[in-house]
$ cat protein-v1.pdb   # PDB, C-alpha atoms and all ligand atoms
ATOM      1  CA  MET A   1       0.000   0.000   0.000
ATOM      2  CA  ARG A   2       1.418   3.389  -1.012
ATOM      3  CA  LYS A   3       1.258   6.343   1.343
ATOM      4  CA  VAL A   4      -0.153   9.386  -0.407
ATOM      5  CA  VAL A   5      -0.495  13.058   0.445
ATOM      6  CA  TRP A   6      -2.648  14.933  -1.987
ATOM      7  CA  ASP A   7      -2.891  18.523  -3.114
ATOM      8  CA  MET A   8      -6.216  19.166  -4.849
ATOM      9  CA  ASP A   9      -8.864  21.695  -5.894
ATOM     10  CA  PRO A  10     -12.187  19.811  -5.846
ATOM     11  CA  GLY A  11     -13.764  20.131  -8.462
ATOM     12  CA  ILE A  12     -15.831  17.245  -9.845
ATOM     13  CA  ASP A  13     -12.949  15.173 -11.198
ATOM     14  CA  ASP A  14     -10.803  15.730  -8.085
ATOM     15  CA  ALA A  15     -13.741  14.388  -6.065
ATOM     16  CA  LEU A  16     -14.065  11.360  -8.358
ATOM     17  CA  ALA A  17     -10.343  10.712  -7.935
ATOM     18  CA  LEU A  18     -10.599  10.994  -4.157
ATOM     19  CA  ILE A  19     -13.510   8.547  -4.033
ATOM     20  CA  LEU A  20     -11.541   6.145  -6.242
ATOM     21  CA  ALA A  21      -8.579   6.387  -3.859
ATOM     22  CA  LEU A  22     -10.720   5.803  -0.770
ATOM     23  CA  LYS A  23     -12.109   2.656  -2.408
ATOM     24  CA  SER A  24      -8.686   1.319  -3.440
ATOM     25  CA  PRO A  25      -6.439  -0.860  -1.271
ATOM     26  CA  GLU A  26      -3.289   0.157  -3.193
ATOM     27  CA  VAL A  27      -3.179   3.629  -1.610
ATOM     28  CA  GLN A  28      -3.555   5.112   1.838
ATOM     29  CA  VAL A  29      -4.465   8.811   1.831
ATOM     30  CA  LEU A  30      -2.576  10.352   4.763
ATOM     31  CA  GLY A  31      -3.871  13.858   4.257
ATOM     32  CA  ILE A  32      -5.145  16.466   1.862
ATOM     33  CA  ALA A  33      -3.994  19.976   1.070
ATOM     34  CA  THR A  34      -6.366  22.264  -0.774
ATOM     35  CA  VAL A  35      -5.596  24.962  -3.293
ATOM     36  CA  ALA A  36      -7.552  27.543  -5.252
ATOM     37  CA  GLY A  37      -8.240  26.411  -8.797
ATOM     38  CA  ASN A  38     -11.574  25.046  -9.901
ATOM     39  CA  ALA A  39     -13.058  27.122  -7.063
ATOM     40  CA  PRO A  40     -11.842  29.601  -4.437
ATOM     41  CA  VAL A  41      -9.842  27.846  -1.719
ATOM     42  CA  GLU A  42     -12.579  28.114   0.925
ATOM     43  CA  ILE A  43     -14.846  26.130  -1.406
ATOM     44  CA  THR A  44     -12.224  23.521  -2.386
ATOM     45  CA  SER A  45     -11.406  23.108   1.332
ATOM     46  CA  ALA A  46     -15.071  22.563   2.173
ATOM     47  CA  ASN A  47     -15.514  20.194  -0.770
ATOM     48  CA  ALA A  48     -12.610  17.950   0.217
ATOM     49  CA  ARG A  49     -14.189  17.562   3.667
ATOM     50  CA  ARG A  50     -17.731  17.133   2.269
ATOM     51  CA  VAL A  51     -16.525  14.198   0.170
ATOM     52  CA  LEU A  52     -14.443  12.649   2.965
ATOM     53  CA  GLU A  53     -17.327  12.855   5.420
ATOM     54  CA  CYS A  54     -19.754  11.333   2.919
ATOM     55  CA  LEU A  55     -17.398   8.348   2.625
ATOM     56  CA  ASN A  56     -16.873   8.038   6.386
ATOM     57  CA  ALA A  57     -13.304   9.254   6.053
ATOM     58  CA  GLY A  58     -13.639  12.496   8.000
ATOM     59  CA  SER A  59     -10.596  11.609  10.105
ATOM     60  CA  ILE A  60      -8.267  12.318   7.144
ATOM     61  CA  PRO A  61      -6.843  15.799   7.792
ATOM     62  CA  VAL A  62      -7.455  18.661   5.341
ATOM     63  CA  ALA A  63      -5.111  21.677   5.380
ATOM     64  CA  MET A  64      -6.041  24.817   3.476
ATOM     65  CA  GLY A  65      -3.495  26.417   1.176
ATOM     66  CA  ALA A  66      -3.110  29.270  -1.260
ATOM     67  CA  ALA A  67      -6.036  31.497  -2.182
ATOM     68  CA  ASN A  68      -4.285  32.804  -5.302
ATOM     69  CA  PRO A  69      -1.697  31.687  -7.838
ATOM     70  CA  LEU A  70       1.827  33.095  -7.295
ATOM     71  CA  ASN A  71       1.661  35.892  -9.890
ATOM     72  CA  HIS A  72      -1.873  35.962 -11.252
ATOM     73  CA  PRO A  73      -5.379  36.488  -9.910
ATOM     74  CA  LEU A  74      -7.456  33.303  -9.604
ATOM     75  CA  GLU A  75      -9.753  32.506 -12.529
ATOM     76  CA  ASP A  76     -11.903  29.713 -11.174
ATOM     77  CA  ALA A  77     -13.859  27.119 -13.166
ATOM     78  CA  LEU A  78     -17.169  27.228 -11.285
ATOM     79  CA  SER A  79     -18.946  27.805 -14.569
ATOM     80  CA  TYR A  80     -17.770  24.293 -15.523
ATOM     81  CA  HIS A  81     -18.028  22.479 -12.166
ATOM     82  CA  GLY A  82     -21.227  24.136 -10.890
ATOM     83  CA  PRO A  83     -21.756  26.882  -8.300
ATOM     84  CA  ASP A  84     -20.613  24.660  -5.387
ATOM     85  CA  GLY A  85     -17.718  23.212  -7.402
ATOM     86  CA  LEU A  86     -19.274  19.735  -7.142
ATOM     87  CA  GLY A  87     -22.083  19.846  -9.685
ATOM     88  CA  ASN A  88     -24.686  20.938  -7.118
ATOM     89  CA  CYS A  89     -24.503  17.486  -5.569
ATOM     90  CA  GLY A  90     -26.337  18.494  -2.394
ATOM     91  CA  LEU A  91     -23.746  17.224   0.097
ATOM     92  CA  PRO A  92     -24.078  19.037   3.443
ATOM     93  CA  SER A  93     -21.511  21.561   4.679
ATOM     94  CA  PRO A  94     -18.584  19.902   6.429
ATOM     95  CA  LEU A  95     -18.660  19.226  10.165
ATOM     96  CA  THR A  96     -14.935  18.602  10.551
ATOM     97  CA  THR A  97     -12.526  21.481  11.095
ATOM     98  CA  LEU A  98      -9.447  22.271   9.030
ATOM     99  CA  TYR A  99      -5.986  21.058  10.063
ATOM    100  CA  PRO A 100      -4.330  23.908  12.009
ATOM    101  CA  ALA A 101      -1.396  24.524   9.636
ATOM    102  CA  LYS A 102      -0.892  25.903   6.168
ATOM    103  CA  ALA A 103      -1.033  23.396   3.324
ATOM    104  CA  TRP A 104       2.674  23.722   2.418
ATOM    105  CA  ASP A 105       3.820  23.073   5.994
ATOM    106  CA  PHE A 106       1.373  20.196   6.287
ATOM    107  CA  LEU A 107       2.709  18.661   3.061
ATOM    108  CA  ALA A 108       6.286  19.063   4.254
ATOM    109  CA  ARG A 109       5.541  17.571   7.669
ATOM    110  CA  SER A 110       3.686  14.579   6.209
ATOM    111  CA  VAL A 111       6.559  13.788   3.858
ATOM    112  CA  SER A 112       9.381  14.405   6.341
ATOM    113  CA  ASP A 113       7.754  12.096   8.892
ATOM    114  CA  ALA A 114       8.435   9.160   6.526
ATOM    115  CA  PRO A 115      11.235  10.170   4.118
ATOM    116  CA  GLY A 116      11.222   8.193   0.867
ATOM    117  CA  GLU A 117       7.849   6.601   1.603
ATOM    118  CA  VAL A 118       5.277   9.207   0.646
ATOM    119  CA  THR A 119       4.020   9.915  -2.874
ATOM    120  CA  LEU A 120       2.649  13.394  -3.516
ATOM    121  CA  VAL A 121      -0.369  13.536  -5.807
ATOM    122  CA  ALA A 122      -1.220  16.999  -7.190
ATOM    123  CA  THR A 123      -4.440  17.487  -9.133
ATOM    124  CA  GLY A 124      -4.824  21.253  -9.002
ATOM    125  CA  PRO A 125      -2.684  24.289  -9.801
ATOM    126  CA  LEU A 126       0.785  23.752  -8.300
ATOM    127  CA  THR A 127       0.815  26.811  -6.015
ATOM    128  CA  ASN A 128       0.956  24.940  -2.681
ATOM    129  CA  VAL A 129       3.532  22.478  -3.990
ATOM    130  CA  ALA A 130       5.738  25.343  -5.196
ATOM    131  CA  TYR A 131       5.507  27.046  -1.792
ATOM    132  CA  ALA A 132       6.313  23.734  -0.090
ATOM    133  CA  PHE A 133       9.383  23.168  -2.303
ATOM    134  CA  GLU A 134      10.624  26.753  -1.815
ATOM    135  CA  LEU A 135      10.142  26.721   1.959
ATOM    136  CA  HIS A 136      11.378  23.161   2.473
ATOM    137  CA  PRO A 137      14.095  22.568  -0.162
ATOM    138  CA  GLU A 138      14.780  19.013   1.051
ATOM    139  CA  LEU A 139      11.229  17.986   0.160
ATOM    140  CA  PRO A 140      11.557  16.909  -3.532
ATOM    141  CA  GLU A 141      14.311  14.501  -2.534
ATOM    142  CA  PHE A 142      12.272  13.067   0.359
ATOM    143  CA  LEU A 143       9.339  12.173  -1.903
ATOM    144  CA  ALA A 144       8.785   8.657  -3.209
ATOM    145  CA  GLY A 145       7.465  10.436  -6.316
ATOM    146  CA  LEU A 146       5.197  13.222  -7.529
ATOM    147  CA  VAL A 147       2.214  12.330  -9.713
ATOM    148  CA  LEU A 148       0.450  15.350 -11.138
ATOM    149  CA  MET A 149      -2.414  16.126 -13.463
ATOM    150  CA  GLY A 150      -1.312  18.937 -15.703
ATOM    151  CA  GLY A 151      -0.153  19.989 -19.113
ATOM    152  CA  ALA A 152      -0.740  19.245 -22.791
ATOM    153  CA  TYR A 153       2.288  17.847 -24.585
ATOM    154  CA  SER A 154       1.229  17.236 -28.224
ATOM    155  CA  LEU A 155       2.027  13.530 -27.784
ATOM    156  CA  THR A 156      -1.403  12.442 -29.016
ATOM    157  CA  PRO A 157      -4.110  14.194 -31.086
ATOM    158  CA  TYR A 158      -5.749  15.136 -27.748
ATOM    159  CA  GLY A 159      -2.716  16.912 -26.283
ATOM    160  CA  LYS A 160      -3.918  20.458 -26.968
ATOM    161  CA  GLY A 161      -5.192  23.050 -24.508
ATOM    162  CA  ASN A 162      -8.466  23.224 -22.619
ATOM    163  CA  GLN A 163      -8.108  26.624 -20.915
ATOM    164  CA  THR A 164      -6.648  28.197 -24.049
ATOM    165  CA  PRO A 165      -6.133  26.443 -27.399
ATOM    166  CA  PHE A 166      -2.584  25.685 -26.201
ATOM    167  CA  ALA A 167      -2.594  25.375 -22.397
ATOM    168  CA  GLU A 168      -4.126  23.052 -19.841
ATOM    169  CA  PHE A 169      -6.092  24.557 -16.906
ATOM    170  CA  ASN A 170      -3.895  23.573 -13.912
ATOM    171  CA  ILE A 171      -0.643  24.714 -15.501
ATOM    172  CA  TRP A 172      -2.230  27.824 -17.044
ATOM    173  CA  GLN A 173      -3.673  28.862 -13.678
ATOM    174  CA  ASP A 174      -0.231  29.042 -12.052
ATOM    175  CA  PRO A 175       2.561  28.679 -14.616
ATOM    176  CA  GLU A 176       5.149  30.219 -12.258
ATOM    177  CA  ALA A 177       4.413  27.500  -9.693
ATOM    178  CA  ALA A 178       4.566  24.806 -12.378
ATOM    179  CA  HIS A 179       7.936  26.165 -13.478
ATOM    180  CA  ILE A 180       9.299  25.788  -9.932
ATOM    181  CA  VAL A 181       7.890  22.284  -9.538
ATOM    182  CA  PHE A 182       9.034  20.994 -12.946
ATOM    183  CA  ASP A 183      12.555  22.131 -12.094
ATOM    184  CA  SER A 184      12.588  20.820  -8.506
ATOM    185  CA  GLY A 185      14.433  17.541  -8.961
ATOM    186  CA  ALA A 186      11.404  15.526  -7.807
ATOM    187  CA  ASP A 187      10.656  12.315  -9.706
ATOM    188  CA  ILE A 188       7.649  13.616 -11.670
ATOM    189  CA  PHE A 189       4.942  11.681 -13.505
ATOM    190  CA  ALA A 190       2.757  14.139 -15.443
ATOM    191  CA  VAL A 191      -0.658  13.027 -16.676
ATOM    192  CA  GLY A 192      -1.920  15.578 -19.173
ATOM    193  CA  LEU A 193      -4.686  16.154 -21.682
ATOM    194  CA  ASP A 194      -2.883  13.868 -24.162
ATOM    195  CA  VAL A 195      -4.442  10.971 -22.264
ATOM    196  CA  SER A 196      -7.270  12.514 -20.230
ATOM    197  CA  MET A 197      -9.026  13.867 -23.341
ATOM    198  CA  ASP A 198      -8.887  10.457 -25.025
ATOM    199  CA  PRO A 199     -12.584   9.627 -25.560
ATOM    200  CA  ALA A 200     -11.871   5.999 -24.611
ATOM    201  CA  ALA A 201     -11.156   7.178 -21.040
ATOM    202  CA  CYS A 202     -14.399   9.165 -20.529
ATOM    203  CA  LEU A 203     -17.529   8.060 -18.709
ATOM    204  CA  ASN A 204     -20.741   8.291 -20.743
ATOM    205  CA  SER A 205     -24.471   7.964 -20.067
ATOM    206  CA  GLN A 206     -24.327   4.159 -20.217
ATOM    207  CA  HIS A 207     -21.684   4.069 -17.504
ATOM    208  CA  LEU A 208     -23.880   6.453 -15.526
ATOM    209  CA  GLU A 209     -26.850   4.069 -15.689
ATOM    210  CA  GLN A 210     -24.579   1.294 -14.407
ATOM    211  CA  ILE A 211     -23.397   3.444 -11.489
ATOM    212  CA  LYS A 212     -26.985   4.368 -10.625
ATOM    213  CA  THR A 213     -27.867   0.722  -9.986
ATOM    214  CA  ARG A 214     -25.727   0.738  -6.798
ATOM    215  CA  ARG A 215     -27.049   2.524  -3.699
ATOM    216  CA  THR A 216     -23.889   2.883  -1.590
ATOM    217  CA  PRO A 217     -22.965   6.449  -0.510
ATOM    218  CA  ALA A 218     -19.905   6.340  -2.789
ATOM    219  CA  ALA A 219     -21.843   5.159  -5.857
ATOM    220  CA  HIS A 220     -24.641   7.638  -5.166
ATOM    221  CA  LEU A 221     -22.215  10.562  -4.968
ATOM    222  CA  VAL A 222     -20.314   9.428  -8.066
ATOM    223  CA  ALA A 223     -23.622   9.157  -9.953
ATOM    224  CA  GLN A 224     -24.513  12.747  -9.051
ATOM    225  CA  LEU A 225     -21.100  14.076 -10.090
ATOM    226  CA  VAL A 226     -21.056  12.132 -13.343
ATOM    227  CA  GLU A 227     -24.654  13.070 -14.125
ATOM    228  CA  TYR A 228     -23.807  16.774 -13.930
ATOM    229  CA  GLU A 229     -20.878  16.323 -16.310
ATOM    230  CA  VAL A 230     -22.847  14.213 -18.773
ATOM    231  CA  LYS A 231     -25.760  16.665 -18.700
ATOM    232  CA  TYR A 232     -23.731  19.841 -19.203
ATOM    233  CA  HIS A 233     -20.609  18.597 -21.015
ATOM    234  CA  GLY A 234     -21.747  15.499 -22.915
ATOM    235  CA  CYS A 235     -19.449  13.064 -21.068
ATOM    236  CA  CYS A 236     -17.392  12.959 -17.899
ATOM    237  CA  ARG A 237     -13.668  13.629 -18.405
ATOM    238  CA  MET A 238     -11.524  11.728 -15.944
ATOM    239  CA  HIS A 239      -8.457  13.995 -15.733
ATOM    240  CA  ASP A 240      -7.694  13.605 -12.025
ATOM    241  CA  PRO A 241      -8.811   9.957 -11.603
ATOM    242  CA  LEU A 242      -6.361   9.065 -14.382
ATOM    243  CA  ALA A 243      -3.491  10.638 -12.462
ATOM    244  CA  LEU A 244      -4.441   8.638  -9.361
ATOM    245  CA  ALA A 245      -4.815   5.481 -11.448
ATOM    246  CA  THR A 246      -1.073   5.441 -12.169
ATOM    247  CA  LEU A 247      -0.673   4.436  -8.509
ATOM    248  CA  LEU A 248      -3.331   1.732  -8.726
ATOM    249  CA  ASP A 249      -2.112  -0.024 -11.874
ATOM    250  CA  ALA A 250       1.008   1.355 -13.552
ATOM    251  CA  SER A 251       0.291  -0.687 -16.703
ATOM    252  CA  LEU A 252      -2.771   1.470 -17.550
ATOM    253  CA  LEU A 253      -0.648   4.315 -18.921
ATOM    254  CA  ASP A 254       2.514   4.602 -21.005
ATOM    255  CA  PHE A 255       5.044   7.264 -20.063
ATOM    256  CA  THR A 256       7.818   8.815 -22.084
ATOM    257  CA  SER A 257      10.757  10.801 -20.677
ATOM    258  CA  ALA A 258      10.850  14.434 -21.754
ATOM    259  CA  ARG A 259      12.419  17.772 -20.873
ATOM    260  CA  VAL A 260       9.547  20.186 -20.404
ATOM    261  CA  GLU A 261       9.553  23.969 -20.495
ATOM    262  CA  VAL A 262       6.610  25.828 -18.961
ATOM    263  CA  ALA A 263       5.733  29.213 -20.468
ATOM    264  CA  LYS A 264       5.357  31.740 -17.638
ATOM    265  CA  GLY A 265       3.830  35.225 -17.751
ATOM    266  CA  ASN A 266       0.611  36.291 -19.368
ATOM    267  CA  ASP A 267       1.180  36.150 -23.125
ATOM    268  CA  TRP A 268      -0.703  33.981 -25.604
ATOM    269  CA  ASP A 269       1.456  31.007 -24.599
ATOM    270  CA  ARG A 270       0.850  31.269 -20.827
ATOM    271  CA  GLY A 271       0.905  27.779 -19.320
ATOM    272  CA  VAL A 272       2.045  25.980 -22.468
ATOM    273  CA  THR A 273       4.106  22.861 -21.686
ATOM    274  CA  ARG A 274       6.636  22.364 -24.491
ATOM    275  CA  THR A 275       8.805  19.280 -24.766
ATOM    276  CA  LEU A 276      12.419  20.082 -25.680
ATOM    277  CA  SER A 277      14.818  17.817 -27.530
ATOM    278  CA  SER A 278      17.834  19.026 -25.538
ATOM    279  CA  GLY A 279      18.844  21.474 -22.822
ATOM    280  CA  SER A 280      19.262  21.540 -19.086
ATOM    281  CA  ALA A 281      15.614  21.091 -18.037
ATOM    282  CA  GLN A 282      15.141  17.996 -15.911
ATOM    283  CA  LEU A 283      13.613  14.870 -17.430
ATOM    284  CA  ILE A 284      10.078  14.092 -16.336
ATOM    285  CA  HIS A 285       7.803  11.169 -17.199
ATOM    286  CA  VAL A 286       4.925  12.334 -19.395
ATOM    287  CA  ALA A 287       1.886  10.154 -20.081
ATOM    288  CA  SER A 288       1.675   9.323 -23.785
ATOM    289  CA  ALA A 289      -1.096   6.699 -23.978
ATOM    290  CA  VAL A 290      -3.835   5.164 -21.846
ATOM    291  CA  ASP A 291      -5.768   1.924 -22.015
ATOM    292  CA  GLY A 292      -9.088   3.741 -21.623
ATOM    293  CA  SER A 293     -11.394   0.762 -21.410
ATOM    294  CA  ARG A 294      -9.257  -1.022 -18.804
ATOM    295  CA  PHE A 295      -9.044   2.209 -16.790
ATOM    296  CA  LEU A 296     -12.836   2.685 -16.841
ATOM    297  CA  LYS A 297     -13.314  -0.952 -15.871
ATOM    298  CA  LEU A 298     -11.056  -0.468 -12.871
ATOM    299  CA  PHE A 299     -12.831   2.765 -11.886
ATOM    300  CA  LEU A 300     -16.287   1.210 -12.148
ATOM    301  CA  SER A 301     -15.321  -1.958 -10.307
ATOM    302  CA  ARG A 302     -14.000   0.071  -7.358
ATOM    303  CA  ILE A 303     -16.990   2.421  -7.276
ATOM    304  CA  LEU A 304     -19.555  -0.366  -7.602
ATOM    305  CA  GLU A 305     -18.013  -2.453  -4.825
ATOM    306  CA  GLU A 306     -20.042  -2.729  -1.620
TER     307      GLU A 306
HETATM  308  C1  LIG B   1      -7.707  19.866 -14.713
HETATM  309  O1  LIG B   1      -8.285  21.140 -14.484
HETATM  310  C2  LIG B   1      -9.323  21.052 -13.548
HETATM  311  O2  LIG B   1     -10.459  21.728 -13.984
HETATM  312  C3  LIG B   1      -9.584  19.588 -13.334
HETATM  313  O3  LIG B   1      -9.945  19.360 -11.979
HETATM  314  C4  LIG B   1      -8.285  18.924 -13.678
HETATM  315  O4  LIG B   1      -7.424  18.864 -12.561
HETATM  316  C5  LIG B   1      -7.965  19.467 -16.146
HETATM  317  O5  LIG B   1      -7.411  20.396 -17.023
HETATM  318 CA    CA B   2      -8.281  19.270 -10.302
END
$ encode --input "protein-v1.pdb" --output "structure tokens"
Amino acid sequence: MRKVVWDMDPGIDDALALILALKSPEVQVLGIATVAGNAPVEITSANARRVLECLNAGSIPVAMGAANPLNHPLEDALSYHGPDGLGNCGLPSPLTTLYPAKAWDFLARSVSDAPGEVTLVATGPLTNVAYAFELHPELPEFLAGLVLMGGAYSLTPYGKGNQTPFAEFNIWQDPEAAHIVFDSGADIFAVGLDVSMDPAACLNSQHLEQIKTRRTPAAHLVAQLVEYEVKYHGCCRMHDPLALATLLDASLLDFTSARVEVAKGNDWDRGVTRTLSSGSAQLIHVASAVDGSRFLKLFLSRILEE
């Protein structure tokens, strides 16, 4: 079982990924840090706890992090994820309180308590992770690995932008943070739009009907989240669950090693992740293909379990 600390911005697909993790014996979620991204940080912090409490996992600590990207104002995605960030799923407000430390110190503490044993999963803008790496420079080396959802690498026909024609949302939101993280020396596995926009890895209305047949709290919540996506976006993209899935079954995705440059600033290319053929940028592992049907099968089997 892998120990995981997770930085997230829930967000419908972050929530789906968290539910998948809580239903999977391969990972143990030690704690969650929340960041502004899909929604303001107060909302993502509430949403992480709403989901945990719904799944009887309210004892997992949640530490709130950055309210804004390093150099840009937040541009949330509530118009995509719904006014509560979770597709109006009707979960009650959280009862549990936040962990009494900032997200970056919480991340650092969780990793330093078990050096070499903890994998960091990051499925939002990388603001908290960048702060953690700047404030605790030993951290990248102490990690067992860093799995992140972010970027579009032109490795498949789907590897284009979703926030702009060229840039993926998480990296676009805080390109300065991504630049710090991609140059940190951590062992990085990046799952980008190249695989998460592959139609074979999306849930559709038939999958939804299957999920609706199960009445567990997890299946009920997943059905509500997926239903919102199918209704308003045609299908349910599984960006963040795919990143988590690399820890459940490494054979689901192929990775290629690449040097990646992140475009900072606020020009047309803000947040673009370019692969370079040479240079001094560190090599990271970038997802280049996914077995979509096997991934969906795994997701559904975990969600439909009693
Ligand atoms: C990423 O952006 C967010 O909207 C999703 O939660 C996912 O992490 C996809 O580009
Ligand atoms: Ca996310």
$ closest_atom_pairs --input "protein-v1.pdb" --of "chain A" --to "ligand CA 2 (chain B)" --cutoff "8 Å" --atoms "only C-alpha atoms and all ligand atoms" --output "Markdown table"
| residue | atom | partner | partner_atom | distance |
| --- | --- | --- | --- | --- |
| A:Met8 | CA | B:CA2 | CA | 5.8 |
| A:Asp9 | CA | B:CA2 | CA | 5.1 |
| A:Pro10 | CA | B:CA2 | CA | 6.0 |
| A:Gly11 | CA | B:CA2 | CA | 5.8 |
| A:Ile12 | CA | B:CA2 | CA | 7.8 |
| A:Asp13 | CA | B:CA2 | CA | 6.3 |
| A:Asp14 | CA | B:CA2 | CA | 4.9 |
| A:Gly37 | CA | B:CA2 | CA | 7.3 |
| A:Asn38 | CA | B:CA2 | CA | 6.7 |
| A:Thr123 | CA | B:CA2 | CA | 4.4 |
| A:Gly124 | CA | B:CA2 | CA | 4.2 |
| A:Pro125 | CA | B:CA2 | CA | 7.5 |
| A:Met149 | CA | B:CA2 | CA | 7.4 |
| A:Asn170 | CA | B:CA2 | CA | 7.1 |
| A:His239 | CA | B:CA2 | CA | 7.6 |
| A:Asp240 | CA | B:CA2 | CA | 6.0 |
$ closest_residue --input "protein-v1.pdb" --among "A:Thr127, A:Asn47, A:Gln206, A:Thr34" --to "Ala103 of chain A" --atoms "all atoms listed in the file"
A:Thr34
$ closest_residue --input "protein-v1.pdb" --among "A:Gly90, A:Leu208, A:Val121, A:Gly58" --to "Val27 of chain A" --atoms "all atoms listed in the file"
A:Val121
$ resolve_selection --input "protein-v1.pdb" --expression "the PyMOL selection byres (((chain A and resi 264-275) around 9) and not hetatm)" --output "ChimeraX atom specification"
/A:71-72,150-154,161,164,166-176,178-179,258-263,276-277
$ residues_around --input "protein-v1.pdb" --residues "Pro25 of chain A" --least-positions-apart "5" --cutoff "9 Å" --atoms "only C-alpha atoms" --output "ChimeraX atom specification"
/A:1-2,248
$ resolve_selection --input "protein-v1.pdb" --expression "the PyMOL selection byres (((chain A and resi 81) around 12) and not hetatm)" --output "PyMOL selection string"
chain A and resi 9-15+37-39+43-44+47+76-80+82-89+225-233+236-237
$ resolve_selection --input "protein-v1.pdb" --expression "the PyMOL selection byres (((chain A and resi 93) around 8) and not hetatm)" --output "ChimeraX atom specification"
/A:46,50,91-92,94-95
$ axis_aligned_box --input "protein-v1.pdb" --around "ligand LIG 1 (chain B)" --padding-each-side "4 Å" --output "JSON"
{"center_x": -8.9, "center_y": 20.3, "center_z": -14.5, "size_x": 11.0, "size_y": 10.9, "size_z": 13.0}
$ residues_around --input "protein-v1.pdb" --residues "Val286 of chain A" --least-positions-apart "2" --cutoff "12 Å" --atoms "all atoms listed in the file" --output "ChimeraX atom specification"
/A:146-156,159,182,187-195,243,246,253-260,273-275,283-284,288-290
$ closest_residue --input "protein-v1.pdb" --among "A:Cys235, A:Ala130, A:Leu16, A:Val118" --to "ligand LIG 1 (chain B)" --atoms "all atoms listed in the file"
A:Leu16
